[in-house]
Each structure stands twice: as C-alpha cells, then as structure tokens.
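Source file: entry-v2.txt. Holds: compact mmCIF, C-alpha atoms and all ligand atoms.
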# COMPACT_ATOMS: atom_id res chain seq x y z
CA MET A 1 7.14 -11.52 5.97
CA ILE A 2 7.02 -12.62 2.33
CA VAL A 3 5.45 -10.06 0.04
CA ILE A 4 4.38 -10.59 -3.55
CA ILE A 5 2.88 -7.68 -5.46
CA LYS A 6 0.84 -8.71 -8.49
CA THR A 7 -0.05 -6.54 -11.47
CA GLU A 8 -1.85 -7.40 -14.69
CA ARG A 9 1.31 -8.78 -16.35
CA LEU A 10 3.96 -8.87 -13.65
CA GLN A 11 4.86 -10.13 -10.20
CA LEU A 12 7.12 -8.21 -7.83
CA VAL A 13 8.90 -10.64 -5.53
CA GLU A 14 11.62 -10.33 -2.96
CA PHE A 15 15.28 -10.62 -4.00
CA ASP A 16 16.75 -14.13 -4.12
CA THR A 17 20.09 -15.37 -5.46
CA LYS A 18 18.18 -17.76 -7.74
CA TYR A 19 17.58 -14.73 -10.01
CA ALA A 20 21.33 -14.12 -10.50
CA LEU A 21 21.46 -15.41 -14.09
CA ASP A 22 18.48 -13.32 -15.21
CA LEU A 23 19.82 -10.26 -13.43
CA LEU A 24 23.21 -10.69 -15.12
CA GLU A 25 21.41 -9.70 -18.33
CA LEU A 26 20.30 -6.50 -16.57
CA TRP A 27 23.50 -5.61 -14.74
CA SER A 28 25.96 -6.46 -17.53
CA ASP A 29 24.28 -3.96 -19.87
CA PHE A 30 25.94 -0.55 -19.93
CA GLU A 31 22.76 1.04 -21.35
CA VAL A 32 20.87 -0.07 -18.22
CA ILE A 33 23.32 1.02 -15.57
CA LYS A 34 24.76 4.20 -17.11
CA TYR A 35 22.33 6.56 -15.34
CA THR A 36 22.23 4.60 -12.06
CA TYR A 37 24.63 4.38 -9.12
CA MET A 38 25.58 0.80 -10.02
CA SER A 39 28.71 -0.49 -11.68
CA LEU A 40 28.75 -2.95 -14.57
CA LEU A 41 28.81 -6.62 -13.44
CA ASN A 42 30.38 -9.45 -15.41
CA SER A 43 29.60 -12.72 -13.66
CA ILE A 44 26.87 -14.65 -11.89
CA ASN A 45 28.93 -14.53 -8.69
CA GLU A 46 29.05 -10.73 -8.81
CA CYS A 47 25.27 -10.73 -9.34
CA LYS A 48 24.80 -13.02 -6.35
CA CYS A 49 26.84 -10.60 -4.20
CA LYS A 50 24.75 -7.67 -5.46
CA ILE A 51 21.55 -9.58 -4.71
CA GLU A 52 22.83 -10.29 -1.16
CA MET A 53 23.44 -6.57 -0.81
CA PHE A 54 19.85 -5.79 -1.79
CA ILE A 55 18.65 -8.44 0.69
CA ASN A 56 20.77 -6.87 3.45
CA TYR A 57 19.32 -3.45 2.67
CA THR A 58 15.75 -4.77 2.81
CA ASP A 59 13.71 -3.91 5.87
CA GLU A 60 12.41 -7.07 7.59
CA LYS A 61 9.00 -5.66 8.44
CA PHE A 62 8.55 -3.66 5.26
CA PRO A 63 10.21 -5.29 2.21
CA ASN A 64 11.39 -2.37 0.10
CA ASN A 65 13.33 -4.08 -2.71
CA PHE A 66 11.75 -6.26 -5.39
CA VAL A 67 12.63 -8.28 -8.47
CA ILE A 68 10.20 -7.86 -11.37
CA LEU A 69 9.06 -11.18 -12.85
CA LEU A 70 7.43 -11.68 -16.23
CA ASP A 71 6.34 -15.32 -16.66
CA ASN A 72 8.83 -16.31 -13.92
CA LYS A 73 11.76 -14.57 -15.63
CA ALA A 74 13.43 -11.76 -13.69
CA ILE A 75 13.34 -8.81 -16.08
CA GLY A 76 14.09 -5.94 -13.72
CA ILE A 77 14.14 -4.50 -10.24
CA ILE A 78 12.19 -1.84 -8.38
CA GLY A 79 12.06 -0.45 -4.88
CA SER A 80 13.03 2.25 -2.46
CA PRO A 81 16.11 3.17 -0.61
CA ILE A 82 14.61 3.98 2.80
CA ILE A 83 15.65 7.55 3.45
CA ASN A 84 13.94 7.82 6.83
CA MET A 85 11.40 5.21 7.95
CA GLU A 86 10.19 7.25 10.96
CA ASN A 87 9.40 10.19 8.73
CA GLU A 88 8.00 7.86 6.07
CA ASN A 89 10.49 9.22 3.59
CA PHE A 90 11.42 6.97 0.66
CA GLY A 91 13.39 7.06 -2.56
CA LEU A 92 12.43 5.23 -5.75
CA TYR A 93 14.54 3.25 -8.23
CA TYR A 94 13.75 0.95 -11.15
CA GLN A 95 15.70 -0.87 -13.85
CA LEU A 96 14.49 -3.07 -16.69
CA SER A 97 16.38 -5.39 -19.07
CA ARG A 98 16.66 -3.68 -22.44
CA THR A 99 14.70 -6.35 -24.35
CA TYR A 100 11.61 -5.28 -22.41
CA TRP A 101 11.82 -1.48 -22.70
CA GLY A 102 8.97 0.53 -24.16
CA GLN A 103 6.12 -1.83 -23.25
CA GLY A 104 4.91 0.00 -20.16
CA TYR A 105 6.34 -2.56 -17.73
CA ILE A 106 8.00 -0.09 -15.38
CA SER A 107 4.97 2.20 -15.37
CA GLU A 108 2.88 -0.82 -14.39
CA ALA A 109 5.36 -2.04 -11.75
CA ALA A 110 5.95 1.42 -10.26
CA LYS A 111 2.23 2.15 -9.96
CA ALA A 112 1.73 -1.11 -8.04
CA TYR A 113 4.83 -0.57 -5.91
CA ILE A 114 3.71 2.93 -4.90
CA GLN A 115 0.25 1.60 -4.04
CA TYR A 116 1.91 -1.01 -1.79
CA LEU A 117 4.00 1.72 -0.18
CA LYS A 118 0.92 3.90 0.37
CA ASP A 119 -1.09 0.99 1.81
CA VAL A 120 1.54 0.62 4.55
CA PHE A 121 2.52 4.29 4.87
CA PRO A 122 -0.45 6.43 3.75
CA ASN A 123 1.58 9.63 4.20
CA ALA A 124 4.70 8.32 2.51
CA ILE A 125 6.86 10.99 0.99
CA ILE A 126 8.59 9.80 -2.16
CA ASN A 127 11.64 11.66 -3.36
CA ALA A 128 12.99 10.49 -6.69
CA ASP A 129 15.34 11.80 -9.31
CA ALA A 130 16.48 11.11 -12.83
CA VAL A 131 19.39 12.27 -14.94
CA SER A 132 18.05 15.07 -17.15
CA ILE A 133 18.83 13.22 -20.39
CA ASN A 134 17.09 10.03 -19.21
CA SER A 135 13.79 10.88 -20.94
CA ALA A 136 12.13 7.53 -20.23
CA SER A 137 12.76 7.80 -16.50
CA ILE A 138 11.52 11.39 -16.37
CA ALA A 139 8.39 10.35 -18.30
CA ILE A 140 7.76 7.60 -15.72
CA LEU A 141 8.11 9.92 -12.72
CA LYS A 142 5.72 12.43 -14.29
CA LYS A 143 3.27 9.68 -15.20
CA LEU A 144 3.31 8.54 -11.56
CA GLY A 145 2.07 11.99 -10.62
CA LEU A 146 5.28 13.15 -8.93
CA LYS A 147 6.07 16.85 -9.23
CA GLN A 148 9.36 18.28 -10.37
CA THR A 149 10.90 20.43 -7.63
CA HIS A 150 14.26 21.53 -8.96
CA ILE A 151 17.30 20.61 -11.00
CA GLU A 152 20.52 19.76 -9.21
CA LYS A 153 23.23 21.04 -11.53
CA GLU A 154 25.84 18.36 -12.24
CA GLY A 155 24.33 16.24 -9.44
CA PHE A 156 25.25 12.95 -11.11
CA THR A 157 28.73 11.85 -12.08
CA PHE A 158 29.42 8.92 -14.36
CA ASN A 159 32.81 8.16 -15.91
CA ASN A 160 33.97 11.71 -15.09
CA LEU A 161 30.95 13.10 -16.92
CA LYS A 162 28.81 15.47 -14.83
CA LEU A 163 25.07 15.46 -15.60
CA ASP A 164 22.13 17.40 -14.18
CA LEU A 165 19.66 15.60 -11.92
CA VAL A 166 15.94 16.40 -12.10
CA LYS A 167 14.38 16.09 -8.64
CA PHE A 168 10.78 14.95 -8.07
CA THR A 169 8.54 14.53 -5.02
CA ASN A 170 4.95 13.78 -4.06
CA ASP A 171 5.31 16.02 -0.99
CA VAL A 172 2.41 18.46 -1.22
CA TYR A 173 4.22 20.91 1.08
CA VAL A 174 7.10 21.38 -1.31
CA LYS A 175 6.46 24.20 -3.74
C1 LIG B 201 13.83 3.98 -17.62
C2 LIG B 201 13.25 2.56 -17.83
C3 LIG B 201 13.06 1.94 -16.48
C4 LIG B 201 11.92 2.67 -18.59
O1 LIG B 201 11.23 1.42 -18.53
P1 LIG B 201 10.06 1.09 -19.57
O2 LIG B 201 9.29 -0.08 -19.05
O3 LIG B 201 10.62 0.99 -20.92
O4 LIG B 201 9.15 2.38 -19.42
P2 LIG B 201 7.64 2.47 -19.89
O5 LIG B 201 7.44 1.59 -21.09
O6 LIG B 201 6.78 2.23 -18.69
O7 LIG B 201 7.57 3.96 -20.40
C5 LIG B 201 7.34 5.01 -19.53
C6 LIG B 201 7.17 6.27 -20.33
O8 LIG B 201 8.43 6.67 -20.85
C7 LIG B 201 8.31 6.93 -22.23
N1 LIG B 201 9.55 6.53 -22.84
C8 LIG B 201 10.05 5.28 -22.90
N2 LIG B 201 11.24 5.30 -23.52
C9 LIG B 201 11.48 6.60 -23.85
C10 LIG B 201 12.55 7.28 -24.49
N3 LIG B 201 13.64 6.63 -24.89
N4 LIG B 201 12.45 8.61 -24.67
C11 LIG B 201 11.37 9.28 -24.24
N5 LIG B 201 10.33 8.70 -23.59
C12 LIG B 201 10.39 7.38 -23.42
C13 LIG B 201 7.18 6.08 -22.69
O9 LIG B 201 6.61 6.62 -23.87
C14 LIG B 201 6.25 6.11 -21.52
O10 LIG B 201 5.41 7.22 -21.53
P3 LIG B 201 3.90 7.08 -22.06
O11 LIG B 201 3.30 5.92 -21.35
O12 LIG B 201 3.32 8.40 -21.70
O13 LIG B 201 4.03 6.82 -23.52
C15 LIG B 201 14.19 1.66 -18.66
O14 LIG B 201 14.46 2.33 -19.85
C16 LIG B 201 15.48 1.35 -17.92
O15 LIG B 201 15.59 0.37 -17.22
N6 LIG B 201 16.50 2.22 -18.12
C17 LIG B 201 17.78 2.00 -17.46
C18 LIG B 201 17.72 2.16 -15.95
C19 LIG B 201 17.31 3.54 -15.53
O16 LIG B 201 17.65 4.52 -16.16
N7 LIG B 201 16.58 3.62 -14.42
C20 LIG B 201 16.16 4.89 -13.87
C21 LIG B 201 17.13 5.43 -12.89
S1 LIG B 201 16.94 4.63 -11.29
As structure tokens - that is how I would like this structure written.
Ligand SMILES: CC(C)(COP(=O)(O)OP(=O)(O)OC[C@H]1O[C@@H](n2cnc3c(N)ncnc32)[C@H](O)[C@@H]1OP(=O)(O)O)[C@@H](O)C(=O)NCCC(=O)NCCS
Amino acid sequence: MIVIIKTERLQLVEFDTKYALDLLELWSDFEVIKYTYMSLLNSINECKCKIEMFINYTDEKFPNNFVILLDNKAIGIIGSPIINMENENFGLYYQLSRTYWGQGYISEAAKAYIQYLKDVFPNAIINADAVSINSASIAILKKLGLKQTHIEKEGFTFNNLKLDLVKFTNDVYVK
C-alpha cells in the first residue's frame, strides 16, 4: 500500500533511497541528531543504508515511517516506532533539517501524522519523549495535546552525557 499524507504545505511520503542526498543534509547535522538515537552520517551511501533500515522497519499494511517533502525536497522525517501493534501502542519521532526550523513544519506534519494514525487505530496510544533541554520538541508534544507523565532521570545518554527524558502520552488512563 502506498500512502501519501498531504497537509497545507507538506507531503508525507514513504521512505525511498532517492531522498538520500536531501537526507544527508539532515543526518550530517550534529544539531539535528544530538537528542535522537541516531549517529552522525557522512555520505550518501550511509544515508541509503539508513533509509533501507527505515524501509525494513516499516509495516507493510500500516506504513509508519515517512519522509517530509516541501516542494519535492525531503526536509525531514516523521513516524512511529511500533511498540505493540496488537495493543495499538506507538512511539513518535520527528526530525527537520535546520534551515526549516521555527516555521511550524513539524507541528503541521505531526498533526497530520497523528490523524492518519487515529484514522487507522482510533484507540491508538502514543508514547513519546523528549530530552528535557530540547524545548522545541517538548513544545511540539504539548501542542499535540499529549500529557506529560513523568521524567526519567538520566534516561538519555549522548557522548557520555546523561540527560533527563520527559515522557508524554495520550493514554487517558495514565494519571
Ligand atoms: C524539534 C524540531 C523537530 C522542531 O521542528 P520545528 O518545525 O522547528 O517546530 P515548530 O516550528 O513546529 O515549533 C513547535 C513549537 O516549538 C517552539 N519552538 C521552536 N523552537 C524552539 C526553541 N528553540 N525553544 C523553545 N521553543 C521552540 C515553537 O515556538 C512552537 O511552538 P508555538 O507554535 O507554540 O510557537 C526541530 O528543531 C528538529 O528537528 N530538532 C532536531 C531533532 C529532534 O530533536 N527531534 C525530536 C526528538 S525525536
């Protein structure tokens, strides 16, 4: 199944190695990857391998990983690690090339992605987190209506630096 999610300014399309050059801009930028679980990439070939990995981790019936296009240029990625499909339990990740920060693109993409998720899984539980000093990401999760549940002390390690993780969910049963 080929899925394309359209928003006012963007298109969310499935991963394809043809986006490797655009995504090199994203994945070779330390400022983009420093609060994610990705490592810095240096070449188009490495990007192609990473794209293949996203494709392999994409569910065939329910595409859960997308490239964000602005005027046919890949400017970011968004999607869900599937935590447990049977229990309709999903994560949420997003990354945007630095040139495009601060223009509401991820808010727009994430809103549309969550709507797509909810259309297929009306009771979807979304569990997301952000490093406590990643203010933009925390602002996005709050704006999406997710509720903060707790802080996992030193839950994120990067370059031997331990940072707190702020945990969010839309699960109404979590207090
Ligand atoms: C986090 C990230 C995705 C934000 O994307 P973006 O398109 O610039 O975000 P938006 O423009 O939609 O902004 C969302 C909110 O964050 C706020 N915000 C943006 N940058 C901010 C900053 N540096 N500090 C505080 N708030 C900020 C915005 O004001 C906005 O809130 P508002 O609409 O109430 O004003 C982008 O910075 C990024 O790719 N960072 C690196 C990857 C990452 O950290 N991903 C999250 C972990 S998976």
With stretch 145-161 of chain A as the partner and 12 Å as the cut-off, tabulate the residues of stretch 2-69 of chain A that qualify, each row holding the nearest pair of atoms and their distance in Å to one decimal, using only C-alpha atoms, sorted by chain and rising number, as a tab-separated table.
residue	atom	partner	partner_atom	distance
A:Phe30	CA	A:Phe158	CA	11.5
A:Ile33	CA	A:Phe158	CA	10.1
A:Lys34	CA	A:Phe158	CA	7.2
A:Tyr35	CA	A:Phe158	CA	7.5
A:Thr36	CA	A:Phe158	CA	8.7
A:Tyr37	CA	A:Phe158	CA	8.4
A:Met38	CA	A:Phe158	CA	10.0
A:Ser39	CA	A:Phe158	CA	9.8
A:Leu40	CA	A:Phe158	CA	11.9
Hey, what's within 7 Å of stretch 76-89 of chain A if we count all atoms listed in the file and toss same-chain stuff fewer than 2 positions away? As a PDB file with C-alpha atoms, in the coordinates of the input, please?
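Produced file around.pdb, reproduced below:
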ATOM      1  CA  LEU A  26      20.300  -6.500 -16.570  1.00  0.00           C
ATOM      2  CA  ASN A  64      11.390  -2.370   0.100  1.00  0.00           C
ATOM      3  CA  ASN A  65      13.330  -4.080  -2.710  1.00  0.00           C
ATOM      4  CA  PHE A  66      11.750  -6.260  -5.390  1.00  0.00           C
ATOM      5  CA  VAL A  67      12.630  -8.280  -8.470  1.00  0.00           C
ATOM      6  CA  ILE A  68      10.200  -7.860 -11.370  1.00  0.00           C
ATOM      7  CA  ALA A  74      13.430 -11.760 -13.690  1.00  0.00           C
ATOM      8  CA  GLY A  91      13.390   7.060  -2.560  1.00  0.00           C
ATOM      9  CA  LEU A  92      12.430   5.230  -5.750  1.00  0.00           C
ATOM     10  CA  TYR A  93      14.540   3.250  -8.230  1.00  0.00           C
ATOM     11  CA  TYR A  94      13.750   0.950 -11.150  1.00  0.00           C
ATOM     12  CA  GLN A  95      15.700  -0.870 -13.850  1.00  0.00           C
ATOM     13  CA  LEU A  96      14.490  -3.070 -16.690  1.00  0.00           C
ATOM     14  CA  SER A  97      16.380  -5.390 -19.070  1.00  0.00           C
ATOM     15  CA  PHE A 121       2.520   4.290   4.870  1.00  0.00           C
ATOM     16  CA  ASN A 123       1.580   9.630   4.200  1.00  0.00           C
ATOM     17  CA  ALA A 124       4.700   8.320   2.510  1.00  0.00           C
ATOM     18  CA  ILE A 125       6.860  10.990   0.990  1.00  0.00           C
ATOM     19  CA  ILE A 126       8.590   9.800  -2.160  1.00  0.00           C
TER      20      ILE A 126
END
Pick out the closest residue to A:Phe90 from this set: A:Ile75, A:Ala128, A:Ala139, A:Ile106. Count all atoms listed in the file.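 The closest residue to A:Phe90 is A:Ala128.
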Could you work out an axis-aligned box for ligand LIG 201 (chain B), taking every atom the file lists and adding 8 Å on each side, and report centre and edge lengths in Å to one decimal, as JSON?
{"center_x": 10.5, "center_y": 4.6, "center_z": -18.1, "size_x": 30.5, "size_y": 25.4, "size_z": 29.6}
Have a look at A:Tyr19, A:Phe54, A:Phe62, A:Trp101 and name the one nearest to ligand LIG 201 (chain B); count all atoms listed in the file.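 So, comparing all the options, the nearest one is A:Trp101.
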Best match for closeness to ligand LIG 201 (chain B) among A:Lys73, A:Lys162, A:Arg98, A:Lys118, counting only C-alpha atoms and all ligand atoms: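 With only C-alpha atoms and all ligand atoms as the atom set, the closest residue is A:Arg98.
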Residue contacts of stretch 4-18 of chain A (8 Å, all atoms listed in the file) excluding same-chain residues fewer than 6 positions away, as number ranges by chain: A: 47-48, 51-52, 54-55, 63, 65-71, 105, 108-109, 112-113, 116
Will you model all heavy atoms for stretch 91-102 of chain A and pass it back as a PDB file, keeping the file's coordinate frame?
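Listed below is the output, rebuild_26.pdb:
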ATOM      1  N   GLY A  91      12.941   6.798  -1.205  1.00  0.00           N
ATOM      2  CA  GLY A  91      13.390   7.060  -2.560  1.00  0.00           C
ATOM      3  C   GLY A  91      12.658   6.130  -3.523  1.00  0.00           C
ATOM      4  O   GLY A  91      11.741   5.397  -3.117  1.00  0.00           O
ATOM      5  N   LEU A  92      13.049   6.140  -4.773  1.00  0.00           N
ATOM      6  CA  LEU A  92      12.430   5.230  -5.750  1.00  0.00           C
ATOM      7  C   LEU A  92      13.452   4.922  -6.853  1.00  0.00           C
ATOM      8  O   LEU A  92      14.055   5.830  -7.405  1.00  0.00           O
ATOM      9  CB  LEU A  92      11.190   5.878  -6.372  1.00  0.00           C
ATOM     10  CG  LEU A  92      10.449   5.075  -7.440  1.00  0.00           C
ATOM     11  CD1 LEU A  92       9.819   3.817  -6.834  1.00  0.00           C
ATOM     12  CD2 LEU A  92       9.364   5.927  -8.109  1.00  0.00           C
ATOM     13  N   TYR A  93      13.649   3.631  -7.115  1.00  0.00           N
ATOM     14  CA  TYR A  93      14.540   3.250  -8.230  1.00  0.00           C
ATOM     15  C   TYR A  93      13.850   2.158  -9.047  1.00  0.00           C
ATOM     16  O   TYR A  93      12.954   1.455  -8.562  1.00  0.00           O
ATOM     17  CB  TYR A  93      15.901   2.743  -7.704  1.00  0.00           C
ATOM     18  CG  TYR A  93      15.808   1.402  -7.019  1.00  0.00           C
ATOM     19  CD1 TYR A  93      15.822   0.220  -7.749  1.00  0.00           C
ATOM     20  CD2 TYR A  93      15.670   1.301  -5.635  1.00  0.00           C
ATOM     21  CE1 TYR A  93      15.702  -1.015  -7.133  1.00  0.00           C
ATOM     22  CE2 TYR A  93      15.552   0.070  -5.002  1.00  0.00           C
ATOM     23  CZ  TYR A  93      15.565  -1.078  -5.764  1.00  0.00           C
ATOM     24  OH  TYR A  93      15.437  -2.307  -5.162  1.00  0.00           O
ATOM     25  N   TYR A  94      14.254   2.034 -10.291  1.00  0.00           N
ATOM     26  CA  TYR A  94      13.750   0.950 -11.150  1.00  0.00           C
ATOM     27  C   TYR A  94      14.729   0.742 -12.295  1.00  0.00           C
ATOM     28  O   TYR A  94      15.378   1.665 -12.762  1.00  0.00           O
ATOM     29  CB  TYR A  94      12.348   1.289 -11.716  1.00  0.00           C
ATOM     30  CG  TYR A  94      12.167   2.745 -12.041  1.00  0.00           C
ATOM     31  CD1 TYR A  94      12.747   3.298 -13.159  1.00  0.00           C
ATOM     32  CD2 TYR A  94      11.441   3.578 -11.193  1.00  0.00           C
ATOM     33  CE1 TYR A  94      12.609   4.649 -13.441  1.00  0.00           C
ATOM     34  CE2 TYR A  94      11.302   4.930 -11.459  1.00  0.00           C
ATOM     35  CZ  TYR A  94      11.896   5.459 -12.588  1.00  0.00           C
ATOM     36  OH  TYR A  94      11.788   6.798 -12.859  1.00  0.00           O
ATOM     37  N   GLN A  95      14.843  -0.496 -12.711  1.00  0.00           N
ATOM     38  CA  GLN A  95      15.700  -0.870 -13.850  1.00  0.00           C
ATOM     39  C   GLN A  95      15.044  -2.034 -14.566  1.00  0.00           C
ATOM     40  O   GLN A  95      14.509  -2.927 -13.907  1.00  0.00           O
ATOM     41  CB  GLN A  95      17.083  -1.340 -13.373  1.00  0.00           C
ATOM     42  CG  GLN A  95      17.882  -0.308 -12.629  1.00  0.00           C
ATOM     43  CD  GLN A  95      19.103  -0.929 -11.964  1.00  0.00           C
ATOM     44  OE1 GLN A  95      19.434  -2.095 -12.167  1.00  0.00           O
ATOM     45  NE2 GLN A  95      19.776  -0.151 -11.145  1.00  0.00           N
ATOM     46  N   LEU A  96      15.127  -2.023 -15.893  1.00  0.00           N
ATOM     47  CA  LEU A  96      14.490  -3.070 -16.690  1.00  0.00           C
ATOM     48  C   LEU A  96      15.469  -3.553 -17.761  1.00  0.00           C
ATOM     49  O   LEU A  96      16.151  -2.731 -18.389  1.00  0.00           O
ATOM     50  CB  LEU A  96      13.238  -2.479 -17.360  1.00  0.00           C
ATOM     51  CG  LEU A  96      12.302  -3.428 -18.077  1.00  0.00           C
ATOM     52  CD1 LEU A  96      11.564  -4.313 -17.065  1.00  0.00           C
ATOM     53  CD2 LEU A  96      11.272  -2.638 -18.893  1.00  0.00           C
ATOM     54  N   SER A  97      15.525  -4.869 -17.987  1.00  0.00           N
ATOM     55  CA  SER A  97      16.380  -5.390 -19.070  1.00  0.00           C
ATOM     56  C   SER A  97      15.945  -4.785 -20.398  1.00  0.00           C
ATOM     57  O   SER A  97      14.743  -4.614 -20.654  1.00  0.00           O
ATOM     58  CB  SER A  97      16.277  -6.911 -19.153  1.00  0.00           C
ATOM     59  OG  SER A  97      16.973  -7.494 -18.097  1.00  0.00           O
ATOM     60  N   ARG A  98      16.925  -4.465 -21.227  1.00  0.00           N
ATOM     61  CA  ARG A  98      16.660  -3.680 -22.440  1.00  0.00           C
ATOM     62  C   ARG A  98      15.644  -4.319 -23.389  1.00  0.00           C
ATOM     63  O   ARG A  98      14.868  -3.630 -24.054  1.00  0.00           O
ATOM     64  CB  ARG A  98      17.967  -3.424 -23.178  1.00  0.00           C
ATOM     65  CG  ARG A  98      17.864  -2.197 -24.005  1.00  0.00           C
ATOM     66  CD  ARG A  98      19.132  -1.509 -24.383  1.00  0.00           C
ATOM     67  NE  ARG A  98      20.381  -2.175 -24.216  1.00  0.00           N
ATOM     68  CZ  ARG A  98      21.319  -2.159 -25.156  1.00  0.00           C
ATOM     69  NH1 ARG A  98      21.089  -1.597 -26.319  1.00  0.00           N
ATOM     70  NH2 ARG A  98      22.497  -2.726 -24.927  1.00  0.00           N
ATOM     71  N   THR A  99      15.638  -5.652 -23.454  1.00  0.00           N
ATOM     72  CA  THR A  99      14.700  -6.350 -24.350  1.00  0.00           C
ATOM     73  C   THR A  99      13.249  -5.951 -24.055  1.00  0.00           C
ATOM     74  O   THR A  99      12.399  -6.065 -24.930  1.00  0.00           O
ATOM     75  CB  THR A  99      14.787  -7.882 -24.065  1.00  0.00           C
ATOM     76  OG1 THR A  99      16.125  -8.229 -23.807  1.00  0.00           O
ATOM     77  CG2 THR A  99      14.211  -8.696 -25.171  1.00  0.00           C
ATOM     78  N   TYR A 100      12.997  -5.506 -22.830  1.00  0.00           N
ATOM     79  CA  TYR A 100      11.610  -5.280 -22.410  1.00  0.00           C
ATOM     80  C   TYR A 100      11.224  -3.801 -22.339  1.00  0.00           C
ATOM     81  O   TYR A 100      10.127  -3.463 -21.918  1.00  0.00           O
ATOM     82  CB  TYR A 100      11.369  -5.957 -21.043  1.00  0.00           C
ATOM     83  CG  TYR A 100      11.671  -7.430 -21.088  1.00  0.00           C
ATOM     84  CD1 TYR A 100      12.929  -7.910 -20.746  1.00  0.00           C
ATOM     85  CD2 TYR A 100      10.718  -8.344 -21.545  1.00  0.00           C
ATOM     86  CE1 TYR A 100      13.236  -9.257 -20.823  1.00  0.00           C
ATOM     87  CE2 TYR A 100      11.016  -9.697 -21.629  1.00  0.00           C
ATOM     88  CZ  TYR A 100      12.278 -10.147 -21.266  1.00  0.00           C
ATOM     89  OH  TYR A 100      12.570 -11.482 -21.360  1.00  0.00           O
ATOM     90  N   TRP A 101      12.119  -2.916 -22.765  1.00  0.00           N
ATOM     91  CA  TRP A 101      11.820  -1.480 -22.700  1.00  0.00           C
ATOM     92  C   TRP A 101      10.653  -1.123 -23.627  1.00  0.00           C
ATOM     93  O   TRP A 101      10.414  -1.782 -24.640  1.00  0.00           O
ATOM     94  CB  TRP A 101      13.046  -0.668 -23.142  1.00  0.00           C
ATOM     95  CG  TRP A 101      14.174  -0.637 -22.140  1.00  0.00           C
ATOM     96  CD1 TRP A 101      14.255  -1.336 -20.976  1.00  0.00           C
ATOM     97  CD2 TRP A 101      15.386   0.116 -22.237  1.00  0.00           C
ATOM     98  NE1 TRP A 101      15.448  -1.060 -20.345  1.00  0.00           N
ATOM     99  CE2 TRP A 101      16.160  -0.174 -21.083  1.00  0.00           C
ATOM    100  CE3 TRP A 101      15.905   1.010 -23.170  1.00  0.00           C
ATOM    101  CZ2 TRP A 101      17.415   0.408 -20.859  1.00  0.00           C
ATOM    102  CZ3 TRP A 101      17.157   1.572 -22.947  1.00  0.00           C
ATOM    103  CH2 TRP A 101      17.887   1.284 -21.802  1.00  0.00           C
ATOM    104  N   GLY A 102       9.977  -0.057 -23.279  1.00  0.00           N
ATOM    105  CA  GLY A 102       8.970   0.530 -24.160  1.00  0.00           C
ATOM    106  C   GLY A 102       7.649  -0.211 -24.218  1.00  0.00           C
ATOM    107  O   GLY A 102       6.843   0.010 -25.126  1.00  0.00           O
TER     108      GLY A 102
END
